[in-house]
Amino acid sequence: MHATAVAEIPVETSRPMPIFDVNNPGFHADFDEKPFEFTHCFSAHHPMFQLPRIRQILDHPVLMHHAYYDHGPIVVNQKWQELPERKLTSKEVFDNINDASGWMMLRHLEKDPEYNELLEQCLNEVKQLTGRKIDEDKKSQEAIIFFTSPNRTTAYHIDRECNLLMQVAGNKEMNIFDRNDRDVTPETELETFWSKDNNAGIYKPQFQDRAYVYRMRPGTGVHIPVNSPHWLKTPDNVSISFSISYQYKDTRRKYVYQANYHLRRMGLNPTPPGKSELLDNTKRAAVAAGFAVK
């Protein structure tokens with residue numbers, strides 16, 4: 001009597017739900033060039049974005065030291081050194097977010113294994129959707145949660161990160177400007193930003209009508225290319241946003257802008273980045289050899 005052969009049934013492995021819409025053309029056409037809106041799967045029902053889980057960050061022995069916050073009235077052209085004096089603790093702002101007129105930036109969540117898993121999944125999808133060699137280009141990556149009171153402004157600024165900002169709860173208005181518009185952001189501002197002052201961007205209300213304006217709501221996000229000036233306004237609701245970002249290696253932009261900063265101080269009119277690969281490479285080599293502002 002022969003045993004009957006039984007065909008093996010393949011085991012179906014579960015795959016995580018995609019975070020981003022794979023049909024969004026912006027990822028391939030505009031990534032780190034122009035801002036664009038996208039959709040994502042995160043919401044306030046996600047276990048990592050429920051208030052008790054976020055509140056744990058403020059008790060984490062490491063992450064609590066990376067929680068930045070302020071509270072009080074803010075205007076679009078506010079400078080960081082002009083922020084109102086803090087009279088509340090971070091936990092008091094969090095627990096009274098409806099009335100505190102507060103803004104919290106909970107940084108370096110990649111140090112938490114659960115948030116880092118989300119960051120890695122996001123970046124892996126971004127690599128697939130954009131075709132970019134992110135692992136070769138980046139020097140660091142970061143996950144951040146922004147927690148904001150109703151009727152609160154986030155002042156105009158520029159960042160050194162390539163960023164995807166995802167709205168998880170509440171609504172928010174995002175105003176982003178073209179980083180290549182030299183009326184909005186002169187070369188001198190970018191040179192100063194990369195060399196010595198993260199607060200170098202200056203809001204120019206006469207150019208507000210040039211902004212891309214996005215009405216962010218849960219399930220939508222906005223891509224913010226490196227150095228694209230922006231400011232935000234939260235309406236009459238509490239806002240929770242999740243940001244994933246990475247910084248390029250210093251040779252990409254920083255070294256060229258630093259070289260131009262010093263050349264301009266010597267009375268020269270340096271060629272902007274991207275106009276001459278030979279000049280850019282020469283500047284990168286000079287700064288890498290020790291002529292940078294650290």
# chains A, B, ... in the order shown; residues from 1 in each chain; ligands from 1
$ residues_around --residues "segment 202-213 of chain A" --least-positions-apart "3" --cutoff "7 Å" --atoms "only C-alpha atoms" --output "compact mmCIF listing (two decimals) with all heavy atoms, in the first residue's frame"
# COMPACT_ATOMS: atom_id res chain seq x y z
N ASN A 77 6.62 85.77 11.52
CA ASN A 77 8.01 86.20 11.37
C ASN A 77 8.79 86.17 12.68
O ASN A 77 9.83 86.79 12.81
CB ASN A 77 8.07 87.60 10.77
CG ASN A 77 7.38 88.65 11.64
OD1 ASN A 77 6.66 88.30 12.57
ND2 ASN A 77 7.59 89.92 11.34
N TYR A 156 7.90 81.03 10.36
CA TYR A 156 8.62 80.83 9.09
C TYR A 156 10.05 80.38 9.38
O TYR A 156 10.76 80.96 10.20
CB TYR A 156 8.62 82.15 8.34
CG TYR A 156 9.35 82.18 7.02
CD1 TYR A 156 8.67 81.93 5.84
CD2 TYR A 156 10.70 82.53 6.95
CE1 TYR A 156 9.33 82.01 4.61
CE2 TYR A 156 11.35 82.61 5.73
CZ TYR A 156 10.67 82.34 4.57
OH TYR A 156 11.32 82.43 3.36
N GLU A 173 -2.73 74.16 8.25
CA GLU A 173 -2.43 74.80 6.97
C GLU A 173 -0.92 74.95 6.82
O GLU A 173 -0.25 75.48 7.68
CB GLU A 173 -3.08 76.19 6.90
CG GLU A 173 -2.78 76.93 5.60
CD GLU A 173 -3.33 78.34 5.60
OE1 GLU A 173 -4.54 78.50 5.36
OE2 GLU A 173 -2.54 79.28 5.85
N MET A 174 -0.41 74.44 5.71
CA MET A 174 1.02 74.50 5.41
C MET A 174 1.26 75.48 4.27
O MET A 174 0.61 75.41 3.23
CB MET A 174 1.53 73.11 5.01
CG MET A 174 2.90 73.10 4.36
SD MET A 174 4.25 73.40 5.50
CE MET A 174 4.40 71.77 6.25
N ASN A 175 2.19 76.42 4.46
CA ASN A 175 2.62 77.36 3.44
C ASN A 175 4.08 77.08 3.11
O ASN A 175 4.95 77.22 3.97
CB ASN A 175 2.49 78.80 3.94
CG ASN A 175 1.06 79.20 4.23
OD1 ASN A 175 0.43 79.87 3.43
ND2 ASN A 175 0.55 78.79 5.39
N ILE A 176 4.35 76.67 1.86
CA ILE A 176 5.71 76.33 1.44
C ILE A 176 6.09 77.18 0.23
O ILE A 176 5.28 77.38 -0.68
CB ILE A 176 5.85 74.85 1.06
CG1 ILE A 176 5.28 73.94 2.14
CG2 ILE A 176 7.31 74.50 0.80
CD1 ILE A 176 5.38 72.47 1.81
N PHE A 177 7.34 77.63 0.21
CA PHE A 177 7.84 78.45 -0.88
C PHE A 177 8.87 77.68 -1.70
O PHE A 177 9.55 76.78 -1.19
CB PHE A 177 8.47 79.74 -0.33
CG PHE A 177 7.50 80.62 0.41
CD1 PHE A 177 7.23 80.40 1.75
CD2 PHE A 177 6.85 81.67 -0.24
CE1 PHE A 177 6.33 81.20 2.45
CE2 PHE A 177 5.96 82.48 0.44
CZ PHE A 177 5.70 82.25 1.78
N VAL A 184 12.49 85.24 -2.55
CA VAL A 184 12.06 84.71 -1.27
C VAL A 184 13.25 84.34 -0.39
O VAL A 184 13.29 84.66 0.80
CB VAL A 184 11.14 83.49 -1.47
CG1 VAL A 184 10.80 82.83 -0.14
CG2 VAL A 184 9.86 83.91 -2.19
$ select_by_dssp --residues "segment 131-277 of chain A" --states "helix (DSSP H, G or I)" --output "PyMOL selection string"
chain A and resi 134-137+187-195+205-210+254-265+277
$ closest_residue --among "A:Glu110, A:Glu92, A:Asp21, A:Asp159" --to "Ile144 of chain A" --atoms "only C-alpha atoms"
A:Glu110
$ select_by_dssp --residues "segment 92-146 of chain A" --states "strand (DSSP E)" --output "mmCIF file with N, CA and C atoms, in the first residue's frame"
data_model
loop_
_atom_site.group_PDB
_atom_site.id
_atom_site.type_symbol
_atom_site.label_atom_id
_atom_site.label_comp_id
_atom_site.auth_asym_id
_atom_site.auth_seq_id
_atom_site.Cartn_x
_atom_site.Cartn_y
_atom_site.Cartn_z
ATOM 1 N N GLY A 102 0.438 75.959 22.916
ATOM 2 C CA GLY A 102 1.745 75.317 22.909
ATOM 3 C C GLY A 102 2.083 74.631 21.602
ATOM 4 N N TRP A 103 3.366 74.387 21.435
ATOM 5 C CA TRP A 103 3.914 73.677 20.284
ATOM 6 C C TRP A 103 5.011 72.766 20.803
ATOM 7 N N MET A 104 4.906 71.475 20.499
ATOM 8 C CA MET A 104 5.886 70.502 20.973
ATOM 9 C C MET A 104 6.493 69.764 19.786
ATOM 10 N N MET A 105 7.807 69.603 19.836
ATOM 11 C CA MET A 105 8.528 68.833 18.838
ATOM 12 C C MET A 105 9.246 67.710 19.579
ATOM 13 N N LEU A 106 8.744 66.510 19.440
ATOM 14 C CA LEU A 106 9.295 65.341 20.122
ATOM 15 C C LEU A 106 10.258 64.655 19.161
ATOM 16 N N LYS A 138 22.463 59.810 2.408
ATOM 17 C CA LYS A 138 22.151 60.416 3.701
ATOM 18 C C LYS A 138 23.253 60.198 4.725
ATOM 19 N N LYS A 139 23.312 61.150 5.666
ATOM 20 C CA LYS A 139 24.222 60.991 6.808
ATOM 21 C C LYS A 139 23.462 60.679 8.094
ATOM 22 N N SER A 140 22.149 61.006 8.137
ATOM 23 C CA SER A 140 21.350 60.725 9.328
ATOM 24 C C SER A 140 19.880 60.715 8.952
ATOM 25 N N GLN A 141 19.066 60.157 9.829
ATOM 26 C CA GLN A 141 17.627 60.129 9.614
ATOM 27 C C GLN A 141 16.941 60.326 10.961
ATOM 28 N N GLU A 142 15.683 60.780 10.907
ATOM 29 C CA GLU A 142 15.022 61.141 12.160
ATOM 30 C C GLU A 142 13.510 61.007 12.025
ATOM 31 N N ALA A 143 12.857 60.666 13.138
ATOM 32 C CA ALA A 143 11.404 60.656 13.247
ATOM 33 C C ALA A 143 11.004 61.638 14.336
ATOM 34 N N ILE A 144 9.963 62.444 14.059
ATOM 35 C CA ILE A 144 9.517 63.483 14.984
ATOM 36 C C ILE A 144 7.992 63.471 15.048
ATOM 37 N N ILE A 145 7.450 63.737 16.224
ATOM 38 C CA ILE A 145 6.021 64.028 16.373
ATOM 39 C C ILE A 145 5.877 65.498 16.756
ATOM 40 N N PHE A 146 4.990 66.202 16.038
ATOM 41 C CA PHE A 146 4.645 67.571 16.375
ATOM 42 C C PHE A 146 3.252 67.568 17.006
#
$ closest_residue --among "A:Thr271, A:Asp70, A:Lys91, A:His45" --to "Leu58 of chain A" --atoms "only C-alpha atoms"
A:Lys91
$ decode --residues "segment 221-235 of chain A" --atoms "N, CA, C and O atoms" --output "short mmCIF file (atom, residue, chain, number, x, y, z; two decimals), in the first residue's frame"
data_model
loop_
_atom_site.label_atom_id
_atom_site.label_comp_id
_atom_site.auth_asym_id
_atom_site.auth_seq_id
_atom_site.Cartn_x
_atom_site.Cartn_y
_atom_site.Cartn_z
N GLY A 221 -0.47 64.29 3.68
CA GLY A 221 0.85 64.78 4.07
C GLY A 221 1.40 65.68 3.00
O GLY A 221 0.84 65.79 1.90
N VAL A 222 2.50 66.34 3.32
CA VAL A 222 3.16 67.24 2.38
C VAL A 222 4.65 66.95 2.40
O VAL A 222 5.26 66.79 3.47
N HIS A 223 5.23 66.87 1.21
CA HIS A 223 6.68 66.71 1.09
C HIS A 223 7.34 68.08 1.08
O HIS A 223 6.93 68.97 0.32
N ILE A 224 8.34 68.27 1.95
CA ILE A 224 9.07 69.53 2.06
C ILE A 224 10.50 69.29 1.63
O ILE A 224 11.30 68.69 2.36
N PRO A 225 10.89 69.74 0.44
CA PRO A 225 12.28 69.56 0.01
C PRO A 225 13.25 70.34 0.89
O PRO A 225 12.87 71.33 1.55
N VAL A 226 14.50 69.92 0.91
CA VAL A 226 15.53 70.61 1.68
C VAL A 226 15.54 72.09 1.34
O VAL A 226 15.48 72.48 0.17
N ASN A 227 15.62 72.94 2.38
CA ASN A 227 15.78 74.39 2.24
C ASN A 227 14.55 75.09 1.69
O ASN A 227 14.63 76.27 1.31
N SER A 228 13.41 74.42 1.61
CA SER A 228 12.19 75.08 1.14
C SER A 228 11.56 75.82 2.32
O SER A 228 11.08 75.19 3.28
N PRO A 229 11.52 77.15 2.30
CA PRO A 229 10.96 77.90 3.43
C PRO A 229 9.49 77.56 3.64
O PRO A 229 8.75 77.34 2.68
N HIS A 230 9.07 77.55 4.89
CA HIS A 230 7.67 77.23 5.17
C HIS A 230 7.25 77.76 6.54
O HIS A 230 8.07 78.04 7.41
N TRP A 231 5.94 77.92 6.68
CA TRP A 231 5.33 78.24 7.98
C TRP A 231 3.96 77.58 8.02
O TRP A 231 3.40 77.21 7.00
N LEU A 232 3.44 77.39 9.25
CA LEU A 232 2.21 76.62 9.41
C LEU A 232 1.25 77.33 10.35
O LEU A 232 1.67 78.10 11.22
N LYS A 233 -0.03 77.03 10.18
CA LYS A 233 -1.06 77.56 11.04
C LYS A 233 -2.03 76.45 11.39
O LYS A 233 -2.58 75.78 10.51
N THR A 234 -2.24 76.24 12.70
CA THR A 234 -3.22 75.28 13.17
C THR A 234 -4.52 76.01 13.47
O THR A 234 -4.51 76.99 14.22
N PRO A 235 -5.64 75.57 12.92
CA PRO A 235 -6.92 76.23 13.20
C PRO A 235 -7.44 75.84 14.58
O PRO A 235 -6.66 75.51 15.48
#
